[in-house]
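Below is entry-v7.txt, holding compact mmCIF, C-alpha atoms and all ligand atoms.
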```txt
# COMPACT_ATOMS: atom_id res chain seq x y z
CA MET A 1 -3.91 158.63 -311.74
CA SER A 2 -6.78 161.04 -311.18
CA THR A 3 -9.81 160.01 -309.13
CA SER A 4 -11.99 160.36 -312.23
CA ASN A 5 -10.50 157.04 -313.37
CA PHE A 6 -12.12 155.28 -310.43
CA ALA A 7 -15.51 153.71 -310.80
CA ALA A 8 -18.18 155.57 -308.84
CA SER A 9 -18.56 152.72 -306.37
CA GLU A 10 -14.81 152.72 -305.61
CA ARG A 11 -14.90 156.47 -305.03
CA ASP A 12 -17.81 156.03 -302.67
CA ALA A 13 -15.97 153.33 -300.79
CA ILE A 14 -12.92 155.58 -300.38
CA ALA A 15 -15.06 158.53 -299.35
CA HIS A 16 -16.83 156.32 -296.85
CA GLU A 17 -13.58 155.09 -295.33
CA PHE A 18 -12.25 158.61 -295.19
CA THR A 19 -15.39 159.88 -293.50
CA ALA A 20 -15.38 157.08 -290.97
CA ASP A 21 -11.74 157.80 -290.07
CA GLN A 22 -12.41 161.49 -289.88
CA PHE A 23 -15.27 161.00 -287.52
CA THR A 24 -13.64 158.57 -285.13
CA PRO A 25 -11.99 161.30 -283.07
CA VAL A 26 -15.22 163.27 -282.99
CA LEU A 27 -17.14 160.26 -281.71
CA ASP A 28 -14.40 159.80 -279.10
CA HIS A 29 -14.72 163.34 -277.91
CA LEU A 30 -15.64 163.62 -274.25
CA PRO A 31 -16.80 166.75 -272.45
CA PRO A 32 -14.33 168.77 -270.33
CA GLY A 33 -13.51 167.05 -267.07
CA GLN A 34 -13.78 163.60 -268.65
CA ARG A 35 -11.26 161.39 -270.42
CA TRP A 36 -10.99 157.79 -271.47
CA SER A 37 -9.45 155.71 -268.70
CA THR A 38 -5.68 156.11 -268.87
CA TRP A 39 -5.08 152.68 -267.30
CA ASP A 40 -3.90 151.08 -270.55
CA ASP A 41 -2.03 154.08 -271.96
CA ILE A 42 1.59 153.76 -272.98
CA GLY A 43 3.94 155.14 -270.35
CA ILE A 44 1.61 154.48 -267.42
CA SER A 45 2.97 152.49 -264.50
CA ALA A 46 0.37 150.27 -262.88
CA GLY A 47 0.20 149.50 -259.18
CA PRO A 48 1.47 146.29 -257.61
CA GLU A 49 -0.32 142.96 -257.82
CA PRO A 50 -2.46 141.42 -256.48
CA TRP A 51 -4.79 144.13 -257.74
CA PRO A 52 -7.54 144.98 -255.29
CA GLU A 53 -10.99 143.80 -256.41
CA TRP A 54 -12.31 147.38 -256.74
CA LEU A 55 -9.73 148.24 -259.41
CA ILE A 56 -11.26 148.92 -262.85
CA THR A 57 -9.03 147.79 -265.69
CA ALA A 58 -11.49 148.00 -268.63
CA ASP A 59 -10.18 150.33 -271.32
CA ALA A 60 -13.76 151.39 -272.10
CA ALA A 61 -13.94 153.05 -268.68
CA ILE A 62 -14.34 156.82 -268.46
CA ASP A 63 -12.54 158.98 -265.91
CA THR A 64 -14.47 161.96 -264.59
CA ASP A 65 -13.00 164.71 -262.43
CA LEU A 66 -15.42 165.35 -259.58
CA GLY A 67 -13.56 168.35 -258.14
CA ILE A 68 -10.69 169.21 -255.84
CA LEU A 69 -10.62 167.36 -252.53
CA LYS A 70 -7.70 169.27 -251.01
CA THR A 71 -5.09 171.72 -252.11
CA GLY A 72 -1.84 170.67 -250.49
CA LYS A 73 1.61 172.19 -250.26
CA GLU A 74 2.94 170.45 -253.34
CA ALA A 75 -0.01 169.04 -255.14
CA ASP A 76 -3.75 169.24 -255.61
CA VAL A 77 -5.72 166.15 -254.75
CA TRP A 78 -8.81 165.60 -256.90
CA LEU A 79 -11.67 163.18 -256.59
CA LEU A 80 -11.75 161.12 -259.76
CA GLU A 81 -14.40 158.61 -260.73
CA ARG A 82 -13.48 155.73 -263.06
CA ALA A 83 -16.59 154.07 -264.41
CA THR A 84 -17.91 151.60 -266.93
CA GLU A 85 -21.61 150.91 -267.43
CA ALA A 86 -21.30 148.09 -264.93
CA GLU A 87 -19.13 149.46 -262.15
CA SER A 88 -17.50 152.59 -260.80
CA VAL A 89 -14.95 153.62 -258.21
CA ILE A 90 -13.91 156.98 -256.81
CA MET A 91 -10.17 157.45 -256.38
CA ALA A 92 -7.82 160.22 -255.28
CA ALA A 93 -5.83 161.84 -258.10
CA LYS A 94 -2.78 163.59 -256.66
CA ARG A 95 -1.46 166.06 -259.25
CA TYR A 96 1.89 167.60 -258.54
CA ARG A 97 2.15 171.25 -259.44
CA SER A 98 4.92 172.05 -261.86
CA SER A 99 4.53 175.80 -262.08
CA ASP A 100 5.49 178.80 -259.99
CA HIS A 101 2.57 178.48 -257.60
CA ARG A 102 4.33 175.67 -255.75
CA MET A 103 4.49 177.05 -252.26
CA PHE A 104 7.92 175.92 -251.25
CA ARG A 105 10.86 174.22 -252.77
CA ARG A 106 11.71 170.94 -251.21
CA ASP A 107 14.70 170.59 -249.00
CA SER A 108 17.36 169.11 -251.25
CA GLY A 109 18.45 166.92 -248.32
CA TYR A 110 15.71 164.45 -249.19
CA THR A 111 17.12 163.75 -252.61
CA GLU A 112 20.71 163.25 -251.59
CA GLY A 113 21.89 160.02 -253.12
CA ARG A 114 19.02 160.01 -255.64
CA ARG A 115 20.04 160.62 -259.23
CA THR A 116 18.34 162.35 -262.10
CA ARG A 117 19.39 160.38 -265.11
CA ARG A 118 19.73 162.93 -267.88
CA SER A 119 22.21 165.76 -267.42
CA ARG A 120 20.01 168.06 -269.53
CA ASP A 121 17.19 167.55 -267.01
CA ARG A 122 19.59 168.04 -264.13
CA ARG A 123 20.69 171.40 -265.52
CA ALA A 124 17.08 172.44 -266.16
CA ILE A 125 16.17 171.63 -262.54
CA ALA A 126 19.18 173.54 -261.23
CA LYS A 127 18.24 176.57 -263.32
CA GLY A 128 14.59 176.35 -262.34
CA THR A 129 13.33 176.54 -265.92
CA ARG A 130 9.73 175.62 -266.71
CA TRP A 131 10.93 172.30 -268.11
CA GLY A 132 13.04 171.78 -265.02
CA ARG A 133 10.02 172.28 -262.78
CA GLN A 134 8.02 169.86 -264.90
CA VAL A 135 10.78 167.25 -264.62
CA GLU A 136 11.01 167.84 -260.90
CA ALA A 137 7.26 167.48 -260.38
CA GLY A 138 7.39 164.23 -262.36
CA GLU A 139 10.26 162.99 -260.22
CA TRP A 140 8.40 163.65 -256.99
CA ALA A 141 5.34 161.89 -258.37
CA ALA A 142 7.49 158.94 -259.46
CA ALA A 143 9.23 158.85 -256.08
CA GLU A 144 5.92 158.89 -254.22
CA PHE A 145 4.43 156.21 -256.48
CA GLY A 146 7.51 154.02 -256.06
CA TYR A 147 7.42 154.29 -252.27
CA LEU A 148 3.66 153.69 -252.16
CA CYS A 149 4.13 150.50 -254.20
CA HIS A 150 6.98 149.34 -251.99
CA LEU A 151 5.20 150.13 -248.73
CA TRP A 152 1.83 148.74 -249.82
CA SER A 153 3.46 145.50 -250.93
CA ALA A 154 5.14 145.25 -247.53
CA GLY A 155 1.72 145.46 -245.87
CA LEU A 156 2.03 149.00 -244.56
CA PRO A 157 -1.07 151.15 -244.08
CA VAL A 158 -0.80 153.39 -247.16
CA PRO A 159 -3.35 154.00 -249.93
CA TYR A 160 -3.20 151.45 -252.76
CA PRO A 161 -1.29 153.11 -255.64
CA VAL A 162 -3.36 152.55 -258.79
CA GLN A 163 -1.18 154.15 -261.45
CA LEU A 164 1.41 156.80 -262.24
CA ASP A 165 1.06 159.06 -265.28
CA GLY A 166 3.68 161.81 -265.39
CA THR A 167 2.85 164.21 -262.56
CA GLU A 168 -0.39 162.43 -261.61
CA ILE A 169 -0.77 159.56 -259.14
CA LEU A 170 -4.09 157.77 -258.91
CA MET A 171 -4.55 156.05 -255.60
CA GLU A 172 -7.11 154.53 -253.32
CA LEU A 173 -9.33 157.17 -251.76
CA ILE A 174 -9.28 156.85 -248.00
CA THR A 175 -12.79 157.60 -246.84
CA SER A 176 -14.49 158.42 -243.57
CA ALA A 177 -17.63 156.69 -242.37
CA ASN A 178 -19.88 159.10 -244.32
CA GLY A 179 -18.01 158.37 -247.57
CA GLY A 180 -16.12 161.67 -247.87
CA GLY A 181 -12.34 162.06 -247.71
CA ALA A 182 -11.01 160.77 -244.37
CA PRO A 183 -9.98 163.41 -241.81
CA ARG A 184 -6.31 164.01 -241.06
CA LEU A 185 -5.18 162.83 -237.64
CA ALA A 186 -4.52 166.50 -236.77
CA GLN A 187 -8.27 167.25 -237.04
CA THR A 188 -9.34 164.49 -234.67
CA ARG A 189 -9.73 164.24 -230.90
CA PRO A 190 -9.92 160.51 -230.39
CA PRO A 191 -11.02 159.05 -227.04
CA ARG A 192 -8.26 157.44 -224.99
CA GLU A 193 -8.57 153.89 -226.26
CA LEU A 194 -8.57 154.95 -229.89
CA LEU A 195 -5.71 157.36 -229.26
CA GLU A 196 -3.64 154.48 -227.88
CA SER A 197 -4.59 152.28 -230.81
CA TYR A 198 -3.63 155.00 -233.34
CA PHE A 199 -0.27 155.40 -231.65
CA ARG A 200 0.39 151.65 -231.61
CA GLN A 201 -0.43 151.48 -235.32
CA LEU A 202 1.87 154.36 -236.17
CA ARG A 203 4.72 153.01 -234.07
CA GLU A 204 4.37 149.62 -235.70
CA ALA A 205 4.29 151.21 -239.17
CA MET A 206 7.42 153.23 -238.42
CA CYS A 207 9.20 150.11 -237.14
CA THR A 208 8.20 148.13 -240.24
CA MET A 209 9.39 150.98 -242.48
CA ALA A 210 12.66 151.09 -240.58
CA SER A 211 13.11 147.37 -241.15
CA LEU A 212 12.88 148.21 -244.88
CA GLY A 213 15.57 150.84 -244.25
CA LEU A 214 13.18 153.77 -244.63
CA ALA A 215 11.95 156.74 -242.60
CA PRO A 216 8.73 158.45 -243.72
CA GLY A 217 10.61 161.77 -243.89
CA ASP A 218 7.62 164.09 -243.49
CA LEU A 219 5.47 162.27 -240.97
CA SER A 220 3.14 164.42 -238.92
CA ALA A 221 -0.51 164.46 -237.88
CA PHE A 222 -1.18 166.23 -241.22
CA ASN A 223 0.07 163.30 -243.28
CA VAL A 224 -1.88 160.62 -241.46
CA LEU A 225 -5.53 159.98 -242.30
CA THR A 226 -7.92 158.24 -239.96
CA THR A 227 -10.79 155.96 -240.83
CA GLU A 228 -12.87 154.69 -237.92
CA ALA A 229 -10.32 152.41 -236.33
CA ARG A 230 -7.31 152.67 -238.60
CA VAL A 231 -4.61 155.15 -239.50
CA VAL A 232 -3.29 155.48 -243.05
CA ILE A 233 0.00 157.20 -243.83
CA ILE A 234 -0.05 159.44 -246.91
CA ASP A 235 2.30 161.85 -248.67
CA VAL A 236 5.45 159.71 -248.77
CA PRO A 237 7.51 161.10 -251.71
CA GLN A 238 10.22 162.23 -249.33
CA ALA A 239 10.79 158.90 -247.62
CA VAL A 240 14.49 158.62 -246.88
CA ASP A 241 17.01 155.88 -246.60
CA ILE A 242 17.82 155.85 -242.88
CA VAL A 243 21.33 154.54 -243.30
CA GLY A 244 22.27 155.58 -246.85
CA ASN A 245 21.17 159.20 -246.59
CA PRO A 246 23.57 161.22 -244.41
CA GLN A 247 20.57 163.07 -242.96
CA GLY A 248 18.43 159.93 -242.66
CA LEU A 249 18.55 159.82 -238.87
CA ASP A 250 17.74 163.53 -238.61
CA PHE A 251 14.61 163.06 -240.71
CA LEU A 252 13.59 160.05 -238.63
CA ALA A 253 14.17 162.02 -235.41
CA ARG A 254 11.93 164.80 -236.73
CA ASP A 255 9.20 162.28 -237.66
CA CYS A 256 9.35 160.84 -234.13
CA HIS A 257 9.30 164.32 -232.63
CA ASN A 258 6.20 165.32 -234.65
CA ILE A 259 4.31 162.20 -233.66
CA ALA A 260 5.33 162.33 -230.00
CA THR A 261 4.37 166.01 -229.74
CA TRP A 262 0.93 165.45 -231.24
CA PHE A 263 0.04 162.46 -229.07
CA THR A 264 1.40 164.15 -225.96
CA ALA A 265 -0.71 167.25 -226.66
CA ARG A 266 -3.77 164.98 -226.96
CA GLY A 267 -3.06 163.46 -223.55
CA LEU A 268 -1.03 160.34 -224.34
CA ALA A 269 2.52 160.97 -223.13
CA VAL A 270 4.95 159.77 -225.81
CA ASP A 271 8.68 160.29 -225.45
CA ALA A 272 10.26 161.24 -228.79
CA GLN A 273 13.69 159.88 -227.86
CA ALA A 274 12.29 156.55 -226.69
CA LEU A 275 10.28 156.27 -229.88
CA LEU A 276 13.33 157.08 -232.00
CA GLY A 277 15.39 154.51 -230.09
CA GLU A 278 12.81 151.81 -230.67
CA VAL A 279 12.32 152.58 -234.38
CA VAL A 280 16.04 152.87 -235.10
CA GLY A 281 16.51 149.41 -233.59
CA TYR A 282 14.66 148.00 -236.61
CA ALA A 283 16.90 149.70 -239.15
CA TRP A 284 19.98 147.61 -238.43
N1 LIG B 1 -5.54 158.83 -250.76
C1 LIG B 1 -6.17 159.84 -250.18
N2 LIG B 1 -7.41 159.67 -249.66
C2 LIG B 1 -8.07 160.70 -249.05
N3 LIG B 1 -7.57 161.95 -248.94
C3 LIG B 1 -6.33 162.19 -249.44
C4 LIG B 1 -5.57 161.16 -250.06
N4 LIG B 1 -4.39 161.68 -250.47
C5 LIG B 1 -4.41 162.97 -250.08
N5 LIG B 1 -5.57 163.30 -249.46
C6 LIG B 1 -5.95 164.64 -248.93
O1 LIG B 1 -5.23 165.64 -249.65
C7 LIG B 1 -4.36 166.37 -248.77
C8 LIG B 1 -3.05 166.68 -249.48
O2 LIG B 1 -2.39 165.48 -249.87
P1 LIG B 1 -0.85 165.23 -249.56
O3 LIG B 1 -0.50 163.91 -250.16
O4 LIG B 1 -0.59 165.40 -248.11
O5 LIG B 1 -0.19 166.38 -250.44
P2 LIG B 1 0.82 167.57 -250.09
O6 LIG B 1 2.19 167.08 -250.46
O7 LIG B 1 0.39 168.64 -251.00
O8 LIG B 1 0.69 167.88 -248.62
C9 LIG B 1 -4.20 165.48 -247.56
O9 LIG B 1 -3.93 166.19 -246.38
C10 LIG B 1 -5.54 164.77 -247.47
O10 LIG B 1 -6.49 165.56 -246.80
MG MG B 2 0.77 166.52 -247.01
```
For this file, produce the structure as structure tokens.
Amino acid sequence: MSTSNFAASERDAIAHEFTADQFTPVLDHLPPGQRWSTWDDIGISAGPEPWPEWLITADAAIDTDLGILKTGKEADVWLLERATEAESVIMAAKRYRSSDHRMFRRDSGYTEGRRTRRSRDRRAIAKGTRWGRQVEAGEWAAAEFGYLCHLWSAGLPVPYPVQLDGTEILMELITSANGGGAPRLAQTRPPRELLESYFRQLREAMCTMASLGLAPGDLSAFNVLTTEARVVIIDVPQAVDIVGNPQGLDFLARDCHNIATWFTARGLAVDAQALLGEVVGYAW
């Protein structure tokens, strides 16, 4: 049937519908650096409940990239604002790099015992193809998100993990007193009392992690942020199973060594072996 058989009003109605549909995507278009909130998108994993009160779950929210906060070894961390007309929050968006500019390949020791489900992906990773690197970046992001959820739920001082979307983790932004990104422990020279408090907090966190069977795996003064009185452990994708991973104890010993060395250099004598002995005691 040709359109000429339609009454004019029917044709207009169809044209109107068509135009409205056609224009929806145009109306939805946002400038570069902005996107509709991905919170409700299919395939997104949301963080653990109870959700913190600052979390914005409205699907009418807009995400805006505010710029790079830090370029790390494995990932770039961006400041991302999620806002509705009524409220807004700035979060950290950690985006794992999947291309050749990754600065080092992770020690495969971390992943011992972990399995990549699809053999096609496993082969791609082994061959280092572009797809393989993409899969690998997604796996590190998923591993980090999973550990953050686990650790946050156990009450450990880690950023609240908001959501995981492929190679991007959105998490709570840890801020300093002036509202910027919090300094790494390595950049600070805390007075004695605070130094002791930071160490107590880290030792307690390591003991709690050990009681969950985990070692941070890459703990150092570079992966600890400090707010005024608190320390927050970040960058946990390489957490290892202390007992199940054959190198678990070695990773834990290195974590203890890094922490002991930093505190000792700042004037608080910490014995790495004693620390290891205490932490290990919680793993069994
Ligand atoms: N949640 C966060 N809040 C504030 N700053 C962060 C946060 N996550 C990461 N950063 C900053 O980004 C840097 C790199 O992040 P990190 O997770 O350590 O990645 P990488 O694996 O690349 O080292 C950190 O040293 C820290 O300065
Ligand atoms: Mg780091």
Kindly provide, as a PDB file with C-alpha atoms, in the coordinates of the input, the polymer residues lying within 10 Å of (19.7, 150.2, -235.6), counting all atoms listed in the file and using the coordinates exactly as they appear in the file.
```pdb
ATOM      1  CA  ALA A 210      12.660 151.090-240.580  1.00  0.00           C
ATOM      2  CA  SER A 211      13.110 147.370-241.150  1.00  0.00           C
ATOM      3  CA  GLY A 213      15.570 150.840-244.250  1.00  0.00           C
ATOM      4  CA  ILE A 242      17.820 155.850-242.880  1.00  0.00           C
ATOM      5  CA  VAL A 243      21.330 154.540-243.300  1.00  0.00           C
ATOM      6  CA  GLY A 277      15.390 154.510-230.090  1.00  0.00           C
ATOM      7  CA  GLU A 278      12.810 151.810-230.670  1.00  0.00           C
ATOM      8  CA  VAL A 279      12.320 152.580-234.380  1.00  0.00           C
ATOM      9  CA  VAL A 280      16.040 152.870-235.100  1.00  0.00           C
ATOM     10  CA  GLY A 281      16.510 149.410-233.590  1.00  0.00           C
ATOM     11  CA  TYR A 282      14.660 148.000-236.610  1.00  0.00           C
ATOM     12  CA  ALA A 283      16.900 149.700-239.150  1.00  0.00           C
ATOM     13  CA  TRP A 284      19.980 147.610-238.430  1.00  0.00           C
TER      14      TRP A 284
END
```
Dump as a ChimeraX atom specification all residues having an atom at most 10 Å from (-14.9, 168.7, -258.5), computed in the file's coordinates with only C-alpha atoms. /A:33,64-69,78-80
Could you list, as a list in words, all the residues within 7 Å of ligand LIG 1 (chain B), counting all atoms listed in the file?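 Listed by chain and ascending number, the contacts are Leu69, Lys70, Thr71, Gly72, Lys73, Glu74, Ala75, Asp76, Val77, Ala92, Lys94, Pro159, Met171, Glu172, Leu173, Ile174, Thr175, Gly181, Ala182, Pro183, Arg184, Phe222, Asn223, Ile234 and Asp235 of chain A.
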Just give me the gap between atom CA of A:Ser37 and atom CA of A:Glu139 in Å, one decimal is fine. 22.7 Å
Take atom CA of A:Asp165 and atom CA of A:Ala239 and report the distance between them in Å, one decimal. 20.2 Å
When you count all atoms listed in the file, which of these residues is closest to A:Ser197: A:Cys149, A:Ala229, A:Ala126, A:Ala143? A:Ala229
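If you look at atom CA of A:Val89 and atom CA of A:Asp63, they are 9.7 Å away from each other.
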What's the 9 Å shell around A:Glu168, counting only C-alpha atoms, without same-chain residues fewer than 5 positions away, as a ChimeraX atom specification? /A:93-96,138,141-142,163
A:Leu55 surroundings by all atoms listed in the file, 12 Å radius, close-in-sequence under 6 positions cut, as number ranges by chain: A: 37, 39, 46-49, 61, 81-84, 87-91, 160-163, 170-173
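For the set A:Ser45, A:Gln201, A:Thr264, A:Gln134, the residue with the smallest atom-to-atom gap to A:Leu156 is A:Gln201, counting all atoms listed in the file.
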In terms of the shortest atom-to-atom distance over only C-alpha atoms, which of A:Leu276, A:Val231, A:Trp36, A:Ala265 is closest to A:Ala215? A:Leu276
Could you check the closest approach to ligand MG 2 (chain B) for each of A:Ser220, A:Gln34, A:Gln187, A:Thr167 and tell me which residue wins, using all atoms listed in the file? A:Ser220
